[in-house]
Amino acid sequence: MEAISIFLNKIGGVIWGPPLLVLLVGTGIFLTARLAFIQVRLLPYSLKQVFSRKHDKKVDGDISQFQALMTAMAATVGVGNIVGVATAVYMGGPGAVFWMWVAGFFGMATKYGEAILAVKYRVKDSNGQMAGGPMYYLEHGLKQRWLGVLFAIFGAFAAFGIGNGTQSKAVADVVHNTFGVSHWITGIALVIFGALVILGGIKSIGRVTAFFVPIMALFYFIAGLIVLVTNVGLIPEAFKTIFTFAFTGEAAVGGAIGAAIRFGVARGLFSNEAGLGSAPIAAAAARTDMPGRQALISMTQVLFDTLIICSITGVTIVMSGQWHNKDIDAGALTAEAFGTFLGSAGPIVVAIGLIFFATSTILGWSYYGEKCFQYLFPNRTAVLGYRVIFVLFIFVGAIASLDVVWALADVLNGLMAIPNLIGLLGLSGVIVYETKRFQKKIDEEKAAAKAGKLADPVDSKLD
């Protein structure tokens with residue numbers, strides 16, 4: 001088994017190597033150019049839409065636009081935001097944070113493209129619920145069902161690793177190390193919580209994540225804000241270090257600019273999953289009147305995930321100077337950094353954040369895996385069986401060290417990106433068309449709002 005694990009890790013290293021990273025970022029750059037920097041132009045409008053309920057009533061969909069965003073956020077805000085960022089800084093130096101930002105910026109355009117296609121090509125399943133994502137736009141948009149099948153196979157199995165076992169293991173480890181609770185007790189608690197939410201399907205997941213995710217994100221954000229505000233004098237030097245090392249290169253384990261770029265981009269993309277094709281599965285379930293509206297909302301996921309939450313972790317680590325300490329491994333780096341500023345409360349804050357983030361990832365990825373499985377086996381009983389197995393595997397992940405399973409999941413997770421990116425590039429013209437169509441809708445809404453404001457004084461005078 002050890003030999004298999006080593007072999008899979010080598011394969012994973014190849015798959016997640018420079019070619020895929022270049023393709024992931026390159027797709028983001030390509031879509032950014034074709035969409036005229038939509039992540040800048042329409043960001044204020046996007047943020048306004050996140051909290052709007054105006055357009056998700058009496059239209060097709062299973063959950064609100066906000067719930068769809070929170071389900072996607074639940075899946076992406078996970079261990080990668082804490083341990084993944086620490087690993088990037090540890091391996092690539094402070095400059096990795098800058099390249100993480102670059103990946104996040106262009107990843108916003110990728111995430112937008114994924115969501116717009118997911119909503120446009122979604123279908124209603126036999127239960128009357130929405131089903132969408134790369135499987136469907138590869139089949140109905142690109143007319144390449146075999147690519148959709150490949151994506152679904154990769155996604156259905158990868159969910160047990162990236163979205164299940166690795167997350168429950170991280171929670172069990174941190175609860176044991178911080179609070180002394182046995183792994184099996186944590187595993188049972190996670191299974192009970194998972195069963196109560198996951199077995200209820202997307203509506204249950206949507207309701208819980210809409211409540212759960214904002215609280216957990218706000219908790220970590222406030223903790224980070226306290227560190228930044230109380231040590232504001234260190235911020236300029238931290239940013240100077242990040243920008244300087246981004247183009248010169250220095251890593252705690254030795255490296256150069258190539259290491260900063262590689263680990264910054266890799267961990268940034270691993271955290272926000274832009275280009276992997278997972279998040280559009282949740283976007284497809286949203287009640288929305290037009291694909292472009294949900295796409296703009298989905299785009300903000302990368303902003304919240306990478307450019308805000310990951311940045312808090314990265315900047316805190318650089319400010320603390322702990323990345324210089326070679327006696328600290330990557331897994332403990334974030335806790336040590338927060339401990340530098342918050343004392344004994346620092347590791348506890350990080351532990352609670354990791355528990356929240358990892359648990360939410362299990363919820364989001366359960367839906368992703370289920371929809372991939374449903375695409376392959378559109379049978380209600382089979383889907384219910386998948387949910388049950390997924391929930392039970394949470395316990396297995398919490399108590400066992402399944403290196404082979406995790407290594408295989410890492411390989412499959414990387415393979416998900418390939419058919420998805422083919423779909424994004426092949427259907428980029430559709431993305432542009434739908435964007436222009438929605439831009440007209442935005443202009444009409446603005447004109448109507450302006451007309452309404454102008455009419456108010458006249459109406460009051462007539463009265």
# chains A, B, ... in the order shown; residues from 1 in each chain; ligands from 1
$ residues_around --residues "A:Phe373" --least-positions-apart "3" --cutoff "8 Å" --atoms "only C-alpha atoms" --output "list of chain:residue names"
A:Ala152, A:Ile153, A:Ala156, A:Gly369, A:Glu370, A:Leu376, A:Phe377, A:Pro378, A:Val383, A:Tyr386
$ write_last_selection --atoms "N, CA and C atoms" --output "PDB file, in the first residue's frame"
ATOM      1  N   ALA A 152     -17.583  13.681 -14.318  1.00  0.00           N
ATOM      2  CA  ALA A 152     -18.464  13.140 -13.275  1.00  0.00           C
ATOM      3  C   ALA A 152     -17.783  12.007 -12.502  1.00  0.00           C
ATOM      4  N   ILE A 153     -17.057  11.164 -13.198  1.00  0.00           N
ATOM      5  CA  ILE A 153     -16.336  10.071 -12.532  1.00  0.00           C
ATOM      6  C   ILE A 153     -15.279  10.635 -11.584  1.00  0.00           C
ATOM      7  N   ALA A 156     -17.117  12.488  -8.572  1.00  0.00           N
ATOM      8  CA  ALA A 156     -17.832  11.620  -7.627  1.00  0.00           C
ATOM      9  C   ALA A 156     -16.883  10.941  -6.657  1.00  0.00           C
ATOM     10  N   GLY A 369     -20.291  15.858  -5.062  1.00  0.00           N
ATOM     11  CA  GLY A 369     -20.121  14.437  -5.357  1.00  0.00           C
ATOM     12  C   GLY A 369     -21.425  13.777  -5.752  1.00  0.00           C
ATOM     13  N   GLU A 370     -22.492  14.152  -5.032  1.00  0.00           N
ATOM     14  CA  GLU A 370     -23.810  13.579  -5.312  1.00  0.00           C
ATOM     15  C   GLU A 370     -24.264  13.894  -6.731  1.00  0.00           C
ATOM     16  N   LEU A 376     -24.110  10.121 -13.568  1.00  0.00           N
ATOM     17  CA  LEU A 376     -23.743   8.783 -14.037  1.00  0.00           C
ATOM     18  C   LEU A 376     -24.849   7.765 -13.794  1.00  0.00           C
ATOM     19  N   PHE A 377     -25.529   7.906 -12.647  1.00  0.00           N
ATOM     20  CA  PHE A 377     -26.582   6.964 -12.252  1.00  0.00           C
ATOM     21  C   PHE A 377     -27.825   7.751 -11.808  1.00  0.00           C
ATOM     22  N   PRO A 378     -28.652   8.168 -12.755  1.00  0.00           N
ATOM     23  CA  PRO A 378     -29.820   9.010 -12.437  1.00  0.00           C
ATOM     24  C   PRO A 378     -30.968   8.228 -11.799  1.00  0.00           C
ATOM     25  N   VAL A 383     -28.756   7.603  -5.612  1.00  0.00           N
ATOM     26  CA  VAL A 383     -28.290   8.884  -5.057  1.00  0.00           C
ATOM     27  C   VAL A 383     -28.371   8.872  -3.537  1.00  0.00           C
ATOM     28  N   TYR A 386     -25.551   6.971  -2.218  1.00  0.00           N
ATOM     29  CA  TYR A 386     -24.305   7.752  -2.259  1.00  0.00           C
ATOM     30  C   TYR A 386     -24.219   8.667  -1.037  1.00  0.00           C
TER      31      TYR A 386
END
$ residues_around --residues "A:Thr110" --least-positions-apart "5" --cutoff "8 Å" --atoms "only C-alpha atoms" --output "compact mmCIF listing (two decimals) with all heavy atoms, in the first residue's frame"
# COMPACT_ATOMS: atom_id res chain seq x y z
N THR A 27 -6.39 30.26 -18.52
CA THR A 27 -7.83 30.35 -18.81
C THR A 27 -8.43 31.57 -18.15
O THR A 27 -9.25 32.28 -18.75
CB THR A 27 -8.55 29.08 -18.32
OG1 THR A 27 -8.01 27.93 -18.99
CG2 THR A 27 -10.05 29.15 -18.61
N GLY A 28 -8.02 31.85 -16.92
CA GLY A 28 -8.50 33.05 -16.23
C GLY A 28 -8.09 34.33 -16.93
O GLY A 28 -8.87 35.26 -17.06
N LEU A 31 -10.18 34.62 -20.23
CA LEU A 31 -11.55 35.06 -19.98
C LEU A 31 -11.59 36.50 -19.47
O LEU A 31 -12.51 37.26 -19.81
CB LEU A 31 -12.22 34.13 -18.97
CG LEU A 31 -12.53 32.72 -19.48
CD1 LEU A 31 -13.08 31.84 -18.36
CD2 LEU A 31 -13.52 32.77 -20.64
N THR A 32 -10.59 36.89 -18.70
CA THR A 32 -10.51 38.29 -18.23
C THR A 32 -10.42 39.23 -19.42
O THR A 32 -11.10 40.27 -19.46
CB THR A 32 -9.29 38.48 -17.32
OG1 THR A 32 -9.46 37.70 -16.13
CG2 THR A 32 -9.12 39.94 -16.92
N ALA A 274 -11.12 27.67 -8.50
CA ALA A 274 -11.47 28.26 -9.80
C ALA A 274 -10.86 27.44 -10.92
O ALA A 274 -9.65 27.23 -10.97
CB ALA A 274 -10.94 29.70 -9.87
N GLY A 275 -11.70 26.94 -11.80
CA GLY A 275 -11.25 26.13 -12.92
C GLY A 275 -11.40 24.64 -12.71
O GLY A 275 -11.34 23.87 -13.67
$ closest_residue --among "A:Met319, A:Val191, A:Ala266, A:Val213" --to "A:Val232" --atoms "only C-alpha atoms"
A:Met319
$ closest_atom_pairs --of "stretch 231-323 of chain A" --to "stretch 125-140 of chain A" --cutoff "10 Å" --atoms "only C-alpha atoms" --output "Markdown table"
| residue | atom | partner | partner_atom | distance |
| --- | --- | --- | --- | --- |
| A:Leu276 | CA | A:Pro134 | CA | 9.3 |
| A:Gly277 | CA | A:Pro134 | CA | 6.0 |
| A:Ser278 | CA | A:Gly133 | CA | 7.5 |
| A:Ala279 | CA | A:Gly133 | CA | 8.0 |
| A:Pro280 | CA | A:Gly133 | CA | 5.1 |
| A:Ile281 | CA | A:Gly133 | CA | 4.3 |
| A:Ala282 | CA | A:Gly133 | CA | 7.8 |
| A:Ala283 | CA | A:Gly133 | CA | 8.0 |
| A:Ala284 | CA | A:Gly132 | CA | 5.0 |
| A:Ala285 | CA | A:Met130 | CA | 5.3 |
| A:Ala286 | CA | A:Met130 | CA | 8.3 |
| A:Arg287 | CA | A:Met130 | CA | 9.5 |
$ residues_around --residues "A:Ser5" --least-positions-apart "6" --cutoff "8 Å" --atoms "only C-alpha atoms" --output "list in words"
Asp403, Val404 and Ala407 of chain A
$ closest_residue --among "A:Asp173, A:Asp62, A:Glu237, A:Asp289" --to "A:Ala332" --atoms "only C-alpha atoms"
A:Asp173
$ closest_atom_pairs --of "stretch 300-413 of chain A" --to "stretch 197-208 of chain A" --cutoff "9 Å" --atoms "only C-alpha atoms" --output "JSON lines"
{"residue": "A:Leu363", "atom": "CA", "partner": "A:Ile198", "partner_atom": "CA", "distance": 6.6}
{"residue": "A:Gly364", "atom": "CA", "partner": "A:Ile205", "partner_atom": "CA", "distance": 7.5}
{"residue": "A:Ser366", "atom": "CA", "partner": "A:Ile198", "partner_atom": "CA", "distance": 6.9}
{"residue": "A:Tyr367", "atom": "CA", "partner": "A:Ile202", "partner_atom": "CA", "distance": 6.7}
{"residue": "A:Leu384", "atom": "CA", "partner": "A:Leu199", "partner_atom": "CA", "distance": 7.5}
{"residue": "A:Arg387", "atom": "CA", "partner": "A:Leu199", "partner_atom": "CA", "distance": 6.2}
{"residue": "A:Val388", "atom": "CA", "partner": "A:Leu199", "partner_atom": "CA", "distance": 7.2}
{"residue": "A:Phe390", "atom": "CA", "partner": "A:Ile198", "partner_atom": "CA", "distance": 8.9}
{"residue": "A:Val391", "atom": "CA", "partner": "A:Ile198", "partner_atom": "CA", "distance": 7.6}
$ residues_around --residues "A:Val77" --least-positions-apart "6" --cutoff "12 Å" --atoms "only C-alpha atoms" --output "ChimeraX atom specification"
/A:69-71,83-85,162-163,167,209,212-214,216-217,220,268-273,279,301-310,353-365
$ select_by_dssp --residues "stretch 181-405 of chain A" --states "helix (DSSP H, G or I)" --output "PyMOL selection string"
chain A and resi 183-198+202-230+232-248+257-272+279-283+291-320+322-324+330-342+345-376+380-399+403-405
$ closest_residue --among "A:Phe7, A:Phe221, A:Phe98, A:Trp146" --to "A:Phe239" --atoms "only C-alpha atoms"
A:Phe98
$ closest_residue --among "A:Ala158, A:Ala109, A:Leu218, A:Ala103" --to "A:Val22" --atoms "only C-alpha atoms"
A:Ala103
$ residues_around --residues "A:Val396" --least-positions-apart "5" --cutoff "9 Å" --atoms "only C-alpha atoms" --output "VMD selection string"
chain A and resid 165 168 to 169 187 401 to 402
$ closest_residue --among "A:Ala33, A:Leu425, A:Ala75, A:Ile348" --to "A:Ala159" --atoms "only C-alpha atoms"
A:Ala75
$ closest_residue --among "A:Ser46, A:Phe193, A:Asn325, A:Arg262" --to "A:Pro19" --atoms "only C-alpha atoms"
A:Arg262
$ decode --residues "stretch 219-230 of chain A" --atoms "all heavy atoms" --output "PDB file, in the first residue's frame"
ATOM      1  N   PHE A 219     -16.035  35.097  12.008  1.00  0.00           N
ATOM      2  CA  PHE A 219     -15.230  34.765  13.182  1.00  0.00           C
ATOM      3  C   PHE A 219     -13.737  34.869  12.847  1.00  0.00           C
ATOM      4  O   PHE A 219     -12.967  35.518  13.555  1.00  0.00           O
ATOM      5  CB  PHE A 219     -15.562  33.358  13.676  1.00  0.00           C
ATOM      6  CG  PHE A 219     -14.579  32.799  14.664  1.00  0.00           C
ATOM      7  CD1 PHE A 219     -14.633  33.173  15.995  1.00  0.00           C
ATOM      8  CD2 PHE A 219     -13.587  31.904  14.250  1.00  0.00           C
ATOM      9  CE1 PHE A 219     -13.715  32.663  16.910  1.00  0.00           C
ATOM     10  CE2 PHE A 219     -12.667  31.394  15.156  1.00  0.00           C
ATOM     11  CZ  PHE A 219     -12.729  31.772  16.485  1.00  0.00           C
ATOM     12  N   TYR A 220     -13.334  34.225  11.766  1.00  0.00           N
ATOM     13  CA  TYR A 220     -11.921  34.228  11.380  1.00  0.00           C
ATOM     14  C   TYR A 220     -11.483  35.613  10.925  1.00  0.00           C
ATOM     15  O   TYR A 220     -10.368  36.059  11.228  1.00  0.00           O
ATOM     16  CB  TYR A 220     -11.692  33.203  10.275  1.00  0.00           C
ATOM     17  CG  TYR A 220     -10.232  32.883  10.025  1.00  0.00           C
ATOM     18  CD1 TYR A 220      -9.503  32.145  10.962  1.00  0.00           C
ATOM     19  CD2 TYR A 220      -9.593  33.292   8.869  1.00  0.00           C
ATOM     20  CE1 TYR A 220      -8.164  31.837  10.735  1.00  0.00           C
ATOM     21  CE2 TYR A 220      -8.257  32.995   8.635  1.00  0.00           C
ATOM     22  CZ  TYR A 220      -7.548  32.269   9.575  1.00  0.00           C
ATOM     23  OH  TYR A 220      -6.222  31.971   9.349  1.00  0.00           O
ATOM     24  N   PHE A 221     -12.373  36.314  10.229  1.00  0.00           N
ATOM     25  CA  PHE A 221     -12.059  37.659   9.747  1.00  0.00           C
ATOM     26  C   PHE A 221     -11.831  38.617  10.918  1.00  0.00           C
ATOM     27  O   PHE A 221     -10.877  39.401  10.913  1.00  0.00           O
ATOM     28  CB  PHE A 221     -13.199  38.171   8.859  1.00  0.00           C
ATOM     29  CG  PHE A 221     -13.012  39.594   8.387  1.00  0.00           C
ATOM     30  CD1 PHE A 221     -12.117  39.888   7.372  1.00  0.00           C
ATOM     31  CD2 PHE A 221     -13.726  40.631   8.968  1.00  0.00           C
ATOM     32  CE1 PHE A 221     -11.942  41.195   6.935  1.00  0.00           C
ATOM     33  CE2 PHE A 221     -13.562  41.936   8.540  1.00  0.00           C
ATOM     34  CZ  PHE A 221     -12.662  42.225   7.515  1.00  0.00           C
ATOM     35  N   ILE A 222     -12.699  38.546  11.923  1.00  0.00           N
ATOM     36  CA  ILE A 222     -12.562  39.430  13.090  1.00  0.00           C
ATOM     37  C   ILE A 222     -11.273  39.121  13.849  1.00  0.00           C
ATOM     38  O   ILE A 222     -10.555  40.035  14.279  1.00  0.00           O
ATOM     39  CB  ILE A 222     -13.788  39.297  14.018  1.00  0.00           C
ATOM     40  CG1 ILE A 222     -15.021  39.896  13.335  1.00  0.00           C
ATOM     41  CG2 ILE A 222     -13.534  39.991  15.361  1.00  0.00           C
ATOM     42  CD1 ILE A 222     -16.311  39.703  14.113  1.00  0.00           C
ATOM     43  N   ALA A 223     -10.963  37.825  14.006  1.00  0.00           N
ATOM     44  CA  ALA A 223      -9.723  37.442  14.683  1.00  0.00           C
ATOM     45  C   ALA A 223      -8.515  38.006  13.936  1.00  0.00           C
ATOM     46  O   ALA A 223      -7.585  38.558  14.555  1.00  0.00           O
ATOM     47  CB  ALA A 223      -9.627  35.931  14.783  1.00  0.00           C
ATOM     48  N   GLY A 224      -8.538  37.876  12.612  1.00  0.00           N
ATOM     49  CA  GLY A 224      -7.448  38.424  11.806  1.00  0.00           C
ATOM     50  C   GLY A 224      -7.398  39.935  11.867  1.00  0.00           C
ATOM     51  O   GLY A 224      -6.315  40.535  11.906  1.00  0.00           O
ATOM     52  N   LEU A 225      -8.568  40.558  11.884  1.00  0.00           N
ATOM     53  CA  LEU A 225      -8.640  42.018  11.941  1.00  0.00           C
ATOM     54  C   LEU A 225      -8.054  42.540  13.251  1.00  0.00           C
ATOM     55  O   LEU A 225      -7.376  43.576  13.269  1.00  0.00           O
ATOM     56  CB  LEU A 225     -10.095  42.468  11.793  1.00  0.00           C
ATOM     57  CG  LEU A 225     -10.337  43.927  11.386  1.00  0.00           C
ATOM     58  CD1 LEU A 225      -9.726  44.212  10.028  1.00  0.00           C
ATOM     59  CD2 LEU A 225     -11.837  44.217  11.358  1.00  0.00           C
ATOM     60  N   ILE A 226      -8.312  41.821  14.334  1.00  0.00           N
ATOM     61  CA  ILE A 226      -7.751  42.205  15.629  1.00  0.00           C
ATOM     62  C   ILE A 226      -6.224  42.184  15.567  1.00  0.00           C
ATOM     63  O   ILE A 226      -5.543  43.108  16.051  1.00  0.00           O
ATOM     64  CB  ILE A 226      -8.258  41.259  16.744  1.00  0.00           C
ATOM     65  CG1 ILE A 226      -9.750  41.496  16.993  1.00  0.00           C
ATOM     66  CG2 ILE A 226      -7.465  41.461  18.041  1.00  0.00           C
ATOM     67  CD1 ILE A 226     -10.392  40.489  17.927  1.00  0.00           C
ATOM     68  N   VAL A 227      -5.686  41.136  14.945  1.00  0.00           N
ATOM     69  CA  VAL A 227      -4.230  41.032  14.796  1.00  0.00           C
ATOM     70  C   VAL A 227      -3.696  42.202  13.976  1.00  0.00           C
ATOM     71  O   VAL A 227      -2.703  42.846  14.348  1.00  0.00           O
ATOM     72  CB  VAL A 227      -3.844  39.698  14.131  1.00  0.00           C
ATOM     73  CG1 VAL A 227      -2.363  39.695  13.742  1.00  0.00           C
ATOM     74  CG2 VAL A 227      -4.147  38.532  15.054  1.00  0.00           C
ATOM     75  N   LEU A 228      -4.362  42.505  12.863  1.00  0.00           N
ATOM     76  CA  LEU A 228      -3.888  43.561  11.970  1.00  0.00           C
ATOM     77  C   LEU A 228      -3.997  44.948  12.603  1.00  0.00           C
ATOM     78  O   LEU A 228      -3.062  45.754  12.525  1.00  0.00           O
ATOM     79  CB  LEU A 228      -4.678  43.522  10.652  1.00  0.00           C
ATOM     80  CG  LEU A 228      -4.531  42.254   9.806  1.00  0.00           C
ATOM     81  CD1 LEU A 228      -5.418  42.335   8.573  1.00  0.00           C
ATOM     82  CD2 LEU A 228      -3.087  42.036   9.392  1.00  0.00           C
ATOM     83  N   VAL A 229      -5.127  45.215  13.248  1.00  0.00           N
ATOM     84  CA  VAL A 229      -5.349  46.542  13.837  1.00  0.00           C
ATOM     85  C   VAL A 229      -4.410  46.798  15.015  1.00  0.00           C
ATOM     86  O   VAL A 229      -3.856  47.888  15.167  1.00  0.00           O
ATOM     87  CB  VAL A 229      -6.824  46.699  14.284  1.00  0.00           C
ATOM     88  CG1 VAL A 229      -7.010  47.976  15.099  1.00  0.00           C
ATOM     89  CG2 VAL A 229      -7.740  46.718  13.066  1.00  0.00           C
ATOM     90  N   THR A 230      -4.235  45.782  15.848  1.00  0.00           N
ATOM     91  CA  THR A 230      -3.382  45.952  17.031  1.00  0.00           C
ATOM     92  C   THR A 230      -1.886  45.934  16.689  1.00  0.00           C
ATOM     93  O   THR A 230      -1.050  46.252  17.544  1.00  0.00           O
ATOM     94  CB  THR A 230      -3.673  44.859  18.081  1.00  0.00           C
ATOM     95  OG1 THR A 230      -3.525  43.570  17.476  1.00  0.00           O
ATOM     96  CG2 THR A 230      -5.075  45.018  18.639  1.00  0.00           C
TER      97      THR A 230
END
